[in-house]
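Data first, discussion second: the structure below is written as structure tokens.
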Amino acid sequence: MDPIASHAPDFFRDEKGESAKLMGRSLRNRALSTLCVALSLLTLIPLLSIIVLLLQKGLPLLSWRIFTELPPAAGMVGGGFGNAIRGTLVMVGLGLAMSAPIGMLSAIYIIEYGPVTRLAQSVRIVAKLLTGIPSIICGVFAFAIVVATTGGFSAWAGGVALAVLMLPTILLTSEQALLGVQTAYREASYGLGATKFQTIVRVVLPDALPAMMTGVMLAVARGAGETAPLLFTALFSQFWAKSLSEPTASLSVLIYNFSTYPYPHQTQMAWTASLVLVAFVTLANVTAQLVFSKRS
Amino acid sequence: MTDDLNGPSPGRPDFLTVRDFDFFYGKKQALFDINMDIPEKQVTAFIGPSGCGKSTLLRNFNRMNELIDGINHTGDIRLLGQSIFDKSVEVIALRRRIGIVFQKSNPFPKSIYENIVYGLRISGENRKSVLDEAVERSLRGAALWDEAKDRLHESALGLSGGQMQRLCIARAIANQPKVLLMDEPCSALDPIATVKVEELIHELKQEFTIVIVTHNMQQATRCSDRTAFFYLGKLIEYAETQKIFSNPAQKQTEDYITGRFG
């Protein structure tokens, strides 16, 4: 028995019929806690089943040749999708190279230079609107400004489409990361005679970088998985791309193409490609977390 | 402190001067026609109820208020006769001359060493011998050397609250400022750490001119030479600390220090 209750039984005597109310409150409390736990477990189910399914269907074909060989012709077996893996890496890299500097520097402008200026506020609103834009529109946009003007599908065009897609994610997460840096750090730096630039480079960015990198990785994960923007821009290719100016294969378009083929080998390759894509995104995420959590 | 203990005041009586100073946050006026002379190498305490403008004035001395949008002032503040608002004054140079310690200690999430040399590094000093010397001098100056000398390269965030505040003082004096501003430096510290910082203030005034904002009346009597009482943005009374607390000229001052309001 509770030590206080044993010493002072009167203290807990039910005088005004409160115990029923108390019981009700504690029951509701327990019910809600249980519900939260149950629903949290529920969210794990789709994620875990996707992984199990991918492993089940994708593992049988996984081998070294997948990474080094070209896709087989329709109806043929063997081969791999090395060109698609490289294409995805190249185009995500291009997209990142274009969107990360713009997104991060815009976020720095918004937070550090002009939170109340009209330019900063417009940029923030535009970025928020951009996050809601369907990815296929990014593809159409890049088609219009790159494919239509250069006269062909290319990795460049794919990179531009992915950059447009990634930009708002990078900008908005960077903005949050910068907002998370304590004002006291900035004050300390200015108080010691630092310029704005020094304060940003030496104090704000080191503190915000891990969170900013998480945003970049989110953008990479999103970009790597998108099919629609690449269908209009990089299209697909059965071969190794010799330059950035020709149609380029990507994992997501390969999955899209092969999963609709009537040949079981191609279907199975689509599963393996899905597994590789998920593994690639996860790996990128985990390394970023490890590298940047160590630095902070 | 009485003059008998300290001898004649060691420096210029008009080291830092405030003239006809009005200050506005947007349309709201926070300071009204402030005039005061802050003497060199003495401790001047600013007291008054919250919102009376004492921190606002303190933060004008090194133009920290300029980090806020929509501020404005009329009148002047001069350091050794030169206006701190003059176009020829670089604000980053001013803040090296007039250092500041904040209410809540704010060491960077860096090592103790890097915290102290921050001010030197940003001014382009990267020679190890100079930095090492500055670290030892500043930590000794802030009475933190013995506690910190074996962990200079560990994170400053591992220090106790009082040590962190003394680290912030060390970081400020590493710049070798002329004036040290302290904005309620002890309000987040326990009594023992407070005593240490107050002892430190006594040491520091040999070398620096100190202005301290405090809510703690005992603290003002313990460590300041002169005290200024602010109320509703006005400087009500400014005199030797002993006089303010034993024989204030204004009724408002007396009411405040005896705890009748505020």
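Numbering starts fresh at 1 for the residues of each chain in the structure tokens, the chains themselves are lettered A, B, ... in the order given, and ligands are numbered from 1 as they appear.
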Leaving out Leu61 in chain A and any residue of its chain fewer than 4 positions from it, which residues lie within 9 Å of it when counting only C-alpha atoms, given as a count of residues only? 6
Find the residues around range 162-170 of chain B up to 10 Å (only C-alpha atoms counted), leave out those fewer than 5 positions away in its own chain, and share them as a ChimeraX atom specification. /A:188 /B:99-108,112-113,115-117,134-145,147-148,156-157,175-176,180-182,185-186,188-197,200-201,204
Restricting the output to C-alpha atoms, write the selected residues as a JSON list (two decimals), in the first residue's frame.
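Wrote out-v4.json, looks like this:
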[["chain", "number", "residue", "atom", "x", "y", "z"],
["A", 188, "ALA", "CA", 27.44, 36.94, -28.50],
["B", 99, "GLY", "CA", 32.42, 44.50, -24.64],
["B", 100, "ILE", "CA", 29.20, 43.04, -23.34],
["B", 101, "VAL", "CA", 28.17, 40.15, -21.08],
["B", 102, "PHE", "CA", 24.56, 39.06, -21.26],
["B", 103, "GLN", "CA", 21.99, 38.02, -18.71],
["B", 104, "LYS", "CA", 21.97, 34.42, -19.84],
["B", 105, "SER", "CA", 25.46, 33.09, -20.40],
["B", 106, "ASN", "CA", 25.84, 32.29, -24.07],
["B", 107, "PRO", "CA", 29.07, 30.42, -24.78],
["B", 108, "PHE", "CA", 29.29, 29.15, -28.35],
["B", 112, "ILE", "CA", 36.56, 26.76, -24.07],
["B", 113, "TYR", "CA", 39.65, 27.78, -26.02],
["B", 115, "ASN", "CA", 35.21, 30.62, -27.27],
["B", 116, "ILE", "CA", 37.89, 32.86, -25.86],
["B", 117, "VAL", "CA", 39.85, 33.36, -29.06],
["B", 134, "ALA", "CA", 45.23, 35.54, -24.69],
["B", 135, "VAL", "CA", 43.45, 32.42, -23.42],
["B", 136, "GLU", "CA", 45.56, 32.23, -20.28],
["B", 137, "ARG", "CA", 45.41, 35.97, -19.61],
["B", 138, "SER", "CA", 41.64, 36.12, -20.12],
["B", 139, "LEU", "CA", 40.89, 33.02, -18.08],
["B", 140, "ARG", "CA", 43.08, 34.29, -15.25],
["B", 141, "GLY", "CA", 41.39, 37.66, -15.56],
["B", 142, "ALA", "CA", 38.01, 35.98, -15.23],
["B", 143, "ALA", "CA", 39.19, 33.79, -12.31],
["B", 144, "LEU", "CA", 38.53, 30.67, -14.31],
["B", 145, "TRP", "CA", 42.05, 29.55, -15.17],
["B", 147, "GLU", "CA", 39.16, 25.39, -13.12],
["B", 148, "ALA", "CA", 39.52, 25.35, -16.89],
["B", 156, "ALA", "CA", 32.30, 25.04, -23.12],
["B", 157, "LEU", "CA", 28.81, 23.63, -22.71],
["B", 175, "ASN", "CA", 39.27, 41.62, -26.84],
["B", 176, "GLN", "CA", 40.94, 43.96, -24.31],
["B", 180, "LEU", "CA", 32.62, 46.12, -20.04],
["B", 181, "LEU", "CA", 28.84, 46.16, -20.12],
["B", 182, "MET", "CA", 27.04, 43.60, -17.98],
["B", 185, "PRO", "CA", 25.10, 38.99, -15.33],
["B", 186, "CYS", "CA", 24.13, 37.15, -12.16],
["B", 188, "ALA", "CA", 20.62, 33.22, -13.62],
["B", 189, "LEU", "CA", 23.33, 32.21, -11.13],
["B", 190, "ASP", "CA", 23.17, 30.64, -7.70],
["B", 191, "PRO", "CA", 24.42, 32.68, -4.71],
["B", 192, "ILE", "CA", 27.88, 31.12, -4.66],
["B", 193, "ALA", "CA", 28.47, 31.73, -8.35],
["B", 194, "THR", "CA", 27.10, 35.25, -7.87],
["B", 195, "VAL", "CA", 29.67, 35.99, -5.19],
["B", 196, "LYS", "CA", 32.43, 34.82, -7.51],
["B", 197, "VAL", "CA", 31.27, 37.07, -10.31],
["B", 200, "LEU", "CA", 35.56, 39.32, -10.25],
["B", 201, "ILE", "CA", 33.89, 42.67, -10.94],
["B", 204, "LEU", "CA", 38.11, 43.90, -13.26]]
Check every residue of chain B for an atom within 8 Å of chain A, counting only C-alpha atoms, and provide those that qualify as a PDB file with C-alpha atoms, in the first residue's frame.
ATOM      1  CA  ASN B  62      27.902  49.350 -28.020  1.00  0.00           C
ATOM      2  CA  MET B  64      23.660  46.282 -29.878  1.00  0.00           C
ATOM      3  CA  VAL B  91      30.403  49.378 -35.231  1.00  0.00           C
ATOM      4  CA  ILE B  92      32.566  46.235 -35.157  1.00  0.00           C
ATOM      5  CA  ALA B  93      35.477  48.284 -33.807  1.00  0.00           C
ATOM      6  CA  LEU B  94      33.194  49.929 -31.251  1.00  0.00           C
ATOM      7  CA  ARG B  95      32.051  46.522 -29.966  1.00  0.00           C
ATOM      8  CA  ARG B  96      35.654  45.466 -29.491  1.00  0.00           C
ATOM      9  CA  GLY B  99      32.417  44.497 -24.638  1.00  0.00           C
ATOM     10  CA  ILE B 100      29.198  43.036 -23.340  1.00  0.00           C
ATOM     11  CA  ASN B 106      25.840  32.288 -24.068  1.00  0.00           C
ATOM     12  CA  PRO B 107      29.066  30.423 -24.784  1.00  0.00           C
ATOM     13  CA  PHE B 108      29.290  29.149 -28.353  1.00  0.00           C
ATOM     14  CA  PRO B 109      28.961  25.389 -28.767  1.00  0.00           C
ATOM     15  CA  TYR B 118      36.707  34.066 -31.111  1.00  0.00           C
ATOM     16  CA  GLY B 119      37.168  37.820 -30.904  1.00  0.00           C
ATOM     17  CA  ILE B 122      37.463  37.317 -36.324  1.00  0.00           C
ATOM     18  CA  SER B 123      39.888  40.205 -36.320  1.00  0.00           C
ATOM     19  CA  ALA B 172      34.702  39.635 -23.594  1.00  0.00           C
ATOM     20  CA  ASN B 175      39.274  41.623 -26.838  1.00  0.00           C
TER      21      ASN B 175
END
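For Ile51 in chain A, the list of residues within 12 Å, based on only C-alpha atoms and with local chain neighbours fewer than 2 positions off taken out, reads Leu44, Ile45, Pro46, Leu47, Leu48, Ser49, Leu53, Leu54, Leu55, Gln56, Lys57, Gly58, Leu59, Trp271, Thr272, Ser274, Leu275, Val276, Leu277, Val278, Ala279 and Thr282 of chain A.
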Applying 12 Å and only C-alpha atoms, which residues near Val90 in chain A remain after dropping the ones on its own chain fewer than 4 positions away? List them as a PyMOL selection string. chain A and resi 83-86+94-97+154-160+162+220+223-224+234+241+243-244+248-251
Using N, CA and C atoms, can you export the residues from the last selection as a PDB file, in the first residue's frame?
ATOM      1  N   ASN A  83      23.357   1.701 -66.218  1.00  0.00           N
ATOM      2  CA  ASN A  83      23.182   3.041 -66.790  1.00  0.00           C
ATOM      3  C   ASN A  83      22.126   3.839 -66.023  1.00  0.00           C
ATOM      4  N   ALA A  84      21.082   3.114 -65.544  1.00  0.00           N
ATOM      5  CA  ALA A  84      20.011   3.813 -64.818  1.00  0.00           C
ATOM      6  C   ALA A  84      20.510   4.279 -63.446  1.00  0.00           C
ATOM      7  N   ILE A  85      21.326   3.436 -62.791  1.00  0.00           N
ATOM      8  CA  ILE A  85      21.878   3.829 -61.493  1.00  0.00           C
ATOM      9  C   ILE A  85      22.744   5.070 -61.669  1.00  0.00           C
ATOM     10  N   ARG A  86      23.621   5.007 -62.685  1.00  0.00           N
ATOM     11  CA  ARG A  86      24.489   6.159 -62.906  1.00  0.00           C
ATOM     12  C   ARG A  86      23.668   7.384 -63.285  1.00  0.00           C
ATOM     13  N   LEU A  94      23.213  16.704 -60.301  1.00  0.00           N
ATOM     14  CA  LEU A  94      23.014  17.974 -61.019  1.00  0.00           C
ATOM     15  C   LEU A  94      21.938  18.810 -60.338  1.00  0.00           C
ATOM     16  N   GLY A  95      20.837  18.158 -60.003  1.00  0.00           N
ATOM     17  CA  GLY A  95      19.728  18.871 -59.354  1.00  0.00           C
ATOM     18  C   GLY A  95      20.179  19.492 -58.042  1.00  0.00           C
ATOM     19  N   LEU A  96      20.978  18.702 -57.300  1.00  0.00           N
ATOM     20  CA  LEU A  96      21.463  19.170 -56.004  1.00  0.00           C
ATOM     21  C   LEU A  96      22.435  20.339 -56.182  1.00  0.00           C
ATOM     22  N   ALA A  97      23.316  20.201 -57.174  1.00  0.00           N
ATOM     23  CA  ALA A  97      24.307  21.247 -57.413  1.00  0.00           C
ATOM     24  C   ALA A  97      23.623  22.563 -57.753  1.00  0.00           C
ATOM     25  N   SER A 154      17.634  15.347 -72.172  1.00  0.00           N
ATOM     26  CA  SER A 154      19.010  15.254 -71.689  1.00  0.00           C
ATOM     27  C   SER A 154      19.060  15.168 -70.171  1.00  0.00           C
ATOM     28  N   ALA A 155      20.237  14.772 -69.677  1.00  0.00           N
ATOM     29  CA  ALA A 155      20.458  14.727 -68.234  1.00  0.00           C
ATOM     30  C   ALA A 155      20.366  16.135 -67.653  1.00  0.00           C
ATOM     31  N   TRP A 156      20.812  17.127 -68.437  1.00  0.00           N
ATOM     32  CA  TRP A 156      20.698  18.520 -67.983  1.00  0.00           C
ATOM     33  C   TRP A 156      19.244  18.861 -67.656  1.00  0.00           C
ATOM     34  N   ALA A 157      18.367  18.511 -68.628  1.00  0.00           N
ATOM     35  CA  ALA A 157      16.950  18.820 -68.439  1.00  0.00           C
ATOM     36  C   ALA A 157      16.411  18.094 -67.206  1.00  0.00           C
ATOM     37  N   GLY A 158      16.816  16.822 -67.050  1.00  0.00           N
ATOM     38  CA  GLY A 158      16.391  16.068 -65.860  1.00  0.00           C
ATOM     39  C   GLY A 158      16.872  16.741 -64.595  1.00  0.00           C
ATOM     40  N   GLY A 159      18.136  17.193 -64.632  1.00  0.00           N
ATOM     41  CA  GLY A 159      18.692  17.873 -63.465  1.00  0.00           C
ATOM     42  C   GLY A 159      17.919  19.133 -63.120  1.00  0.00           C
ATOM     43  N   VAL A 160      17.542  19.892 -64.145  1.00  0.00           N
ATOM     44  CA  VAL A 160      16.777  21.124 -63.900  1.00  0.00           C
ATOM     45  C   VAL A 160      15.416  20.781 -63.284  1.00  0.00           C
ATOM     46  N   LEU A 162      14.612  18.189 -61.509  1.00  0.00           N
ATOM     47  CA  LEU A 162      14.800  17.761 -60.122  1.00  0.00           C
ATOM     48  C   LEU A 162      15.172  18.948 -59.229  1.00  0.00           C
ATOM     49  N   VAL A 220      17.097  14.997 -51.635  1.00  0.00           N
ATOM     50  CA  VAL A 220      17.724  13.959 -52.458  1.00  0.00           C
ATOM     51  C   VAL A 220      16.802  12.752 -52.551  1.00  0.00           C
ATOM     52  N   GLY A 223      13.929  13.621 -54.775  1.00  0.00           N
ATOM     53  CA  GLY A 223      14.339  13.735 -56.170  1.00  0.00           C
ATOM     54  C   GLY A 223      14.657  12.382 -56.796  1.00  0.00           C
ATOM     55  N   ALA A 224      15.343  11.531 -56.029  1.00  0.00           N
ATOM     56  CA  ALA A 224      15.751  10.246 -56.578  1.00  0.00           C
ATOM     57  C   ALA A 224      14.542   9.369 -56.887  1.00  0.00           C
ATOM     58  N   ALA A 234      14.511  13.685 -69.240  1.00  0.00           N
ATOM     59  CA  ALA A 234      15.666  12.839 -69.530  1.00  0.00           C
ATOM     60  C   ALA A 234      15.232  11.622 -70.326  1.00  0.00           C
ATOM     61  N   ALA A 241      25.004   6.677 -71.053  1.00  0.00           N
ATOM     62  CA  ALA A 241      25.006   8.036 -71.594  1.00  0.00           C
ATOM     63  C   ALA A 241      26.447   8.481 -71.801  1.00  0.00           C
ATOM     64  N   SER A 243      27.228  11.668 -72.706  1.00  0.00           N
ATOM     65  CA  SER A 243      27.350  13.063 -72.263  1.00  0.00           C
ATOM     66  C   SER A 243      26.094  13.444 -71.500  1.00  0.00           C
ATOM     67  N   LEU A 244      26.095  14.667 -70.992  1.00  0.00           N
ATOM     68  CA  LEU A 244      24.936  15.141 -70.242  1.00  0.00           C
ATOM     69  C   LEU A 244      23.848  15.661 -71.175  1.00  0.00           C
ATOM     70  N   THR A 248      18.834  10.067 -70.964  1.00  0.00           N
ATOM     71  CA  THR A 248      19.550   9.365 -69.904  1.00  0.00           C
ATOM     72  C   THR A 248      18.591   8.490 -69.104  1.00  0.00           C
ATOM     73  N   ALA A 249      19.046   7.280 -68.814  1.00  0.00           N
ATOM     74  CA  ALA A 249      18.217   6.367 -68.032  1.00  0.00           C
ATOM     75  C   ALA A 249      18.236   6.777 -66.567  1.00  0.00           C
ATOM     76  N   SER A 250      17.180   6.431 -65.828  1.00  0.00           N
ATOM     77  CA  SER A 250      17.171   6.645 -64.386  1.00  0.00           C
ATOM     78  C   SER A 250      16.437   5.478 -63.750  1.00  0.00           C
ATOM     79  N   LEU A 251      16.717   5.233 -62.489  1.00  0.00           N
ATOM     80  CA  LEU A 251      16.097   4.100 -61.796  1.00  0.00           C
ATOM     81  C   LEU A 251      14.579   4.235 -61.795  1.00  0.00           C
TER      82      LEU A 251
END
Might you pull out every residue within 12 Å of Arg260 in chain B, with only C-alpha atoms counted and same-chain residues fewer than 6 positions away left off, and present them as a ChimeraX atom specification? /B:49,251-254
Could you write those residues out with N, CA and C atoms, as a short mmCIF file (atom, residue, chain, number, x, y, z; two decimals), in the first residue's frame?
data_model
loop_
_atom_site.label_atom_id
_atom_site.label_comp_id
_atom_site.auth_asym_id
_atom_site.auth_seq_id
_atom_site.Cartn_x
_atom_site.Cartn_y
_atom_site.Cartn_z
N PRO B 49 12.92 49.28 -11.98
CA PRO B 49 12.01 48.16 -12.26
C PRO B 49 12.10 47.71 -13.72
N LYS B 251 12.21 61.05 -4.01
CA LYS B 251 11.29 60.17 -3.30
C LYS B 251 11.13 58.84 -4.04
N GLN B 252 11.07 58.91 -5.40
CA GLN B 252 10.90 57.69 -6.20
C GLN B 252 12.04 56.70 -5.96
N THR B 253 13.26 57.25 -5.87
CA THR B 253 14.41 56.39 -5.61
C THR B 253 14.25 55.71 -4.25
N GLU B 254 13.87 56.49 -3.28
CA GLU B 254 13.72 55.94 -1.93
C GLU B 254 12.65 54.85 -1.91
#
May I have the residues within 6 Å of Ile71 in chain B as a list in words, using only C-alpha atoms and disregarding those fewer than 3 positions away in the same chain? Phe24, Tyr25 and Gly26 of chain B
Output of the above residues as a PDB file, in the first residue's frame, restricted to C-alpha atoms:
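again.pdb was written with the following content:
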ATOM      1  CA  PHE B  24      12.612  54.855 -29.671  1.00  0.00           C
ATOM      2  CA  TYR B  25      11.490  51.347 -30.558  1.00  0.00           C
ATOM      3  CA  GLY B  26       9.368  52.225 -33.560  1.00  0.00           C
TER       4      GLY B  26
END
